[in-house]
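Student: Here it is, the structure in full.
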Amino acid sequence: MTQSRSRWNLSRRQLLSGVAAGAVANFMPSLTAPALAGTPDYTLKTKLSSVQLLDPGEPKTDVWSYQGLSPGPILRAKQGEPFWVKLQNELSEPTTIHWHGIRIDNAMDGVPDLTQAAVPPGGTFDYRYTPKDAGTYWYHSHYRGYEQVARGLNGVLIVEEREPPMVDQDIVLAFDDWRLKDSGEIHDESFGSLMDRSHAGRLGNILTLNGAPLFDVPVRSGERVRLRLANVATARVFNISFPGHAPKIIALDGQPVAPFDAGKEDLLLGPGQRIDVIMDMISAPGQKTPIQVDTGRETLIAGHIVYKAGAPPKQQVRKSFDGLPANPLPENVNLSQALDVDIVMTGGAMSSFEQAVYRGKNFPARQLAREHGQVWALNGVAGMPKAPLFSAARGRVVRIKMSNKTRWPHAMHFHGHHVREVARSQGTVRPHWRDTVHMEPDEDITVAFIADNPGKWLIHCHMLAHQLGGMITWFEVG
Ligand SMILES: [Cu+2]
């Protein structure tokens with residue numbers, strides 16, 4: 001990882017020197033519009049690539065990659081500074097990039113037919129924006145995402161703090177699972193299956209960490225590391241643990257929190273979610289600690305923390321960690337004038353789902369599933385509605401009560417905004433800003449936010465077969 005990151009830093013430096021060359025070129029008469037001057041920070045080429053997801057010696061897997069990698073290269077932007085990524089589509093079908101968790105300009109949000117036209121094969125698109133918030137985010141296709149993301153089109157985006165915390169290492173850990181045949185090929189026959197849509201989504205059978213069957217993190221005793229945990233899978237919920245270590249949570253979905261010790265279920269990552277932790281390397285030189293993933297059914301090893309043998313421990317007195325600098329989100333949301341919205345989630349297997357509206361017409365549930373593959377509804381409406389779920393004046397406080405009346409967990413993702421939990425039916429309220437809210441069956445969670453980002457924004461389940469199966473809506477900020 002360290003190698004791959006430094007390689008990308010190197011290429012970014014090269015790109016920056018390219019900016020200087022562009023500046024020289026500007027002395028010459030040019031017809032280039034000023035808006036197109038300069039060079040992208042990154043170019044992401046989507047293409048077919050072969051990668052080693054199974055153990056070494058076993059067959060490789062053909063995936064859809066960014067720059068030959070899945071997850072794609074780690075992108076680094078700087079908080080408050082313009083950022084430019086050029087997408088170059090070398091696939092045989094259209095694609096887009098969504099910048100998950102970035103409070104972005106609507107035109108850059110990457111949702112086909114809502115914020116942009118999908119980028120055709122051979123086409124390019126310039127994503128240019130200035131991230132307001134520092135933190136750990138990610139990027140992925142939003143065009144037929146249930147298939148494109150599962151085929152590999154995802155990666156981690158880091159927005160660096162203006163003054164990053166002092167740590168010895170800053171490490172991304174992107175967890176994914178893949179549905180592979182014994183031959184190593186992706187199981188393509190099941191993409192979009194009604195079974196996956198109506199149950200837990202498209203669960204994989206092969207776990208990877210940073211695209212590897214086992215990923216090792218080399219450390220030295222005494223180091224303090226920042227780990228950026230990300231769930232880039234399309235359905236699987238991962239519960240992460242580091243036996244013998246005491247991770248401290250410092251950010252959720254990119255947004256800083258007052259640091260707290262991770263308890264038993266606190267490193268639970270629903271699809272799309274991220275958690276940043278600070279962890280001190282307290283084991284002895286030569287030790288090896290597993291990075292464990294509990295999927296609810298079994299505990300798997302995704303990799304190891306490998307302590308360098310024989311190296312003298314770093315002699316440092318560790319102060320407690322005071323937390324990350326705040327992002328520009330309010331401490332509290334004033335709910336007295338809130339626009340109240342309900343989202344009642346119904347459908348899926350083992351439910352009493354009887355009917356829903358789809359494209360303006362009422363359907364019995366069985367017919368809707370058979371003819372249109374729609375198996376979930378939000379407020380009785382399956383699939384993307386023509387009209388927004390609600391419209392809010394810019395700056396309006398919105399409070400949304402989400403009621404999961406299904407037998408399945410869901411990961412409700414909000415575009416363009418982070419939302420803060422203000423009430424829940426089970427357990428104590430966790431008043432954190434999140435862009436993706438994990439919900440258990442029969443759970444109600446109420447969130448609030450300030451609708452301050454103009455445009456058309458999706459709300460959908462990030463179990464992407466659920467999104468495909470009807471769990472999607474949108475809202476508008478005027
Ligand atoms: Cu779902």
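Residue numbering restarts at 1 for every chain of the structure tokens, chains are lettered A, B, ... in their displayed order, and ligands are numbered from 1 as they appear.
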Name the residues in contact with segment 202-212 of chain A at a cut-off of 6 Å, using only C-alpha atoms, excluding same-chain residues fewer than 6 positions from it; report them as a list in words.
Tutor: Leu53, Ser70, Pro71, Ala174, Phe175, Asp176, Asp177, Trp178, Arg179, Asp196, Ala235, Arg236 and Ala302 of chain A
Student: Give me, as a tab-separated table, each residue of chain A that comes within 7 Å of ligand 1, together with its shortest interatomic pair and the distance in Å at one decimal, counting only C-alpha atoms and all ligand atoms, with rows ordered by chain and rising residue number.
Tutor:
```
residue	atom	partner	partner_atom_place_in_ligand_line	distance
A:Pro409	CA	ligand 1	1 (Cu)	6.3
A:His410	CA	ligand 1	1 (Cu)	3.7
A:Ala411	CA	ligand 1	1 (Cu)	5.7
A:Cys461	CA	ligand 1	1 (Cu)	4.5
A:His462	CA	ligand 1	1 (Cu)	6.3
A:Met463	CA	ligand 1	1 (Cu)	4.8
A:His466	CA	ligand 1	1 (Cu)	4.7
A:Gln467	CA	ligand 1	1 (Cu)	6.8
A:Met471	CA	ligand 1	1 (Cu)	6.7
```
Student: Can I get the selected residues back with N, CA and C atoms, as a short mmCIF file (atom, residue, chain, number, x, y, z; two decimals), in the first residue's frame?
Tutor:
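File result_12.cif, as written:
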```
data_model
loop_
_atom_site.label_atom_id
_atom_site.label_comp_id
_atom_site.auth_asym_id
_atom_site.auth_seq_id
_atom_site.Cartn_x
_atom_site.Cartn_y
_atom_site.Cartn_z
N PRO A 409 -31.49 -5.48 6.51
CA PRO A 409 -30.77 -4.23 6.77
C PRO A 409 -30.62 -3.42 5.48
N HIS A 410 -30.46 -2.13 5.62
CA HIS A 410 -30.25 -1.25 4.47
C HIS A 410 -29.22 -0.19 4.82
N ALA A 411 -28.66 0.39 3.79
CA ALA A 411 -27.64 1.43 3.97
C ALA A 411 -28.08 2.66 3.18
N CYS A 461 -30.71 3.17 -1.29
CA CYS A 461 -30.00 2.17 -0.53
C CYS A 461 -28.68 1.88 -1.24
N HIS A 462 -27.60 1.77 -0.46
CA HIS A 462 -26.30 1.48 -1.07
C HIS A 462 -26.02 -0.01 -1.17
N MET A 463 -27.00 -0.82 -0.81
CA MET A 463 -26.96 -2.20 -1.27
C MET A 463 -27.51 -2.10 -2.69
N HIS A 466 -30.54 -3.48 -4.18
CA HIS A 466 -31.77 -2.90 -3.62
C HIS A 466 -32.14 -1.60 -4.34
N GLN A 467 -31.12 -0.80 -4.62
CA GLN A 467 -31.37 0.42 -5.40
C GLN A 467 -32.01 0.06 -6.74
N MET A 471 -35.36 0.78 -4.43
CA MET A 471 -35.14 1.59 -3.24
C MET A 471 -34.36 2.85 -3.57
#
```
Student: Using only C-alpha atoms, determine which residues lie at most 6 Å from segment 285-291 of chain A, disregarding the query and same-chain residues fewer than 6 positions distant; provide the list as a PDB file with N, CA and C atoms, in the first residue's frame.
Tutor:
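So part20.pdb came out as:
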```
ATOM      1  N   SER A 221       6.927  -1.228  16.032  1.00  0.00           N
ATOM      2  CA  SER A 221       6.420  -1.060  17.394  1.00  0.00           C
ATOM      3  C   SER A 221       6.534   0.410  17.787  1.00  0.00           C
ATOM      4  N   PHE A 242      -9.336  -5.523  15.286  1.00  0.00           N
ATOM      5  CA  PHE A 242      -7.879  -5.642  15.336  1.00  0.00           C
ATOM      6  C   PHE A 242      -7.510  -6.192  16.707  1.00  0.00           C
ATOM      7  N   ILE A 301     -10.115 -13.532   7.904  1.00  0.00           N
ATOM      8  CA  ILE A 301      -8.911 -12.715   8.035  1.00  0.00           C
ATOM      9  C   ILE A 301      -8.659 -12.026   6.699  1.00  0.00           C
ATOM     10  N   ALA A 302      -8.624 -10.694   6.735  1.00  0.00           N
ATOM     11  CA  ALA A 302      -8.445  -9.927   5.500  1.00  0.00           C
ATOM     12  C   ALA A 302      -6.977  -9.592   5.265  1.00  0.00           C
ATOM     13  N   GLY A 303      -6.177  -9.699   6.323  1.00  0.00           N
ATOM     14  CA  GLY A 303      -4.765  -9.353   6.220  1.00  0.00           C
ATOM     15  C   GLY A 303      -4.161  -9.324   7.612  1.00  0.00           C
ATOM     16  N   HIS A 304      -2.977  -8.752   7.720  1.00  0.00           N
ATOM     17  CA  HIS A 304      -2.294  -8.717   9.014  1.00  0.00           C
ATOM     18  C   HIS A 304      -1.608  -7.378   9.221  1.00  0.00           C
ATOM     19  N   ILE A 305      -1.478  -7.050  10.475  1.00  0.00           N
ATOM     20  CA  ILE A 305      -0.548  -5.985  10.858  1.00  0.00           C
ATOM     21  C   ILE A 305       0.753  -6.692  11.204  1.00  0.00           C
ATOM     22  N   VAL A 306       1.785  -6.397  10.453  1.00  0.00           N
ATOM     23  CA  VAL A 306       3.049  -7.130  10.590  1.00  0.00           C
ATOM     24  C   VAL A 306       4.102  -6.215  11.196  1.00  0.00           C
ATOM     25  N   TYR A 307       4.497  -6.552  12.430  1.00  0.00           N
ATOM     26  CA  TYR A 307       5.504  -5.748  13.123  1.00  0.00           C
ATOM     27  C   TYR A 307       6.890  -6.138  12.644  1.00  0.00           C
ATOM     28  N   LYS A 308       7.655  -5.158  12.268  1.00  0.00           N
ATOM     29  CA  LYS A 308       9.027  -5.393  11.823  1.00  0.00           C
ATOM     30  C   LYS A 308       9.806  -6.059  12.953  1.00  0.00           C
ATOM     31  N   ALA A 309      10.489  -7.151  12.586  1.00  0.00           N
ATOM     32  CA  ALA A 309      11.260  -7.877  13.603  1.00  0.00           C
ATOM     33  C   ALA A 309      12.543  -7.134  13.926  1.00  0.00           C
ATOM     34  N   GLY A 310      12.941  -7.235  15.176  1.00  0.00           N
ATOM     35  CA  GLY A 310      14.259  -6.721  15.563  1.00  0.00           C
ATOM     36  C   GLY A 310      14.400  -5.217  15.588  1.00  0.00           C
TER      37      GLY A 310
END
```
Student: Would you mind reading off the distance between atom CA of Val375 of chain A and atom CA of Pro120 of chain A, one decimal, in Å?
Tutor: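 Atom CA of Pro120 of chain A lies at a distance of 29.4 Å from atom CA of Val375 of chain A.
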Student: Counting only C-alpha atoms, which residues of segment 242-345 of chain A sit at most 7 Å from some atom of segment 436-448 of chain A, and what is each one's closest atom pair with its distance in Å to one decimal, listed by chain and rising residue number, as CSV?
Tutor:
```
residue,atom,partner,partner_atom,distance
A:Gly270,CA,A:His438,CA,5.8
A:Gly272,CA,A:Thr436,CA,6.6
A:Gln273,CA,A:Thr436,CA,5.9
```
Student: Using only C-alpha atoms for the distances, tell me which of A:Gly244, A:Arg220, A:Ser183, A:Lys78 is nearest to Arg162 of chain A.
Tutor: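 Result for the nearest residue to Arg162 of chain A: A:Lys78.
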Student: Nearest to Gly348 of chain A: which of A:Ile102, A:Gln52, A:Leu194, A:Pro94 is it, counting only C-alpha atoms?
Tutor: A:Leu194
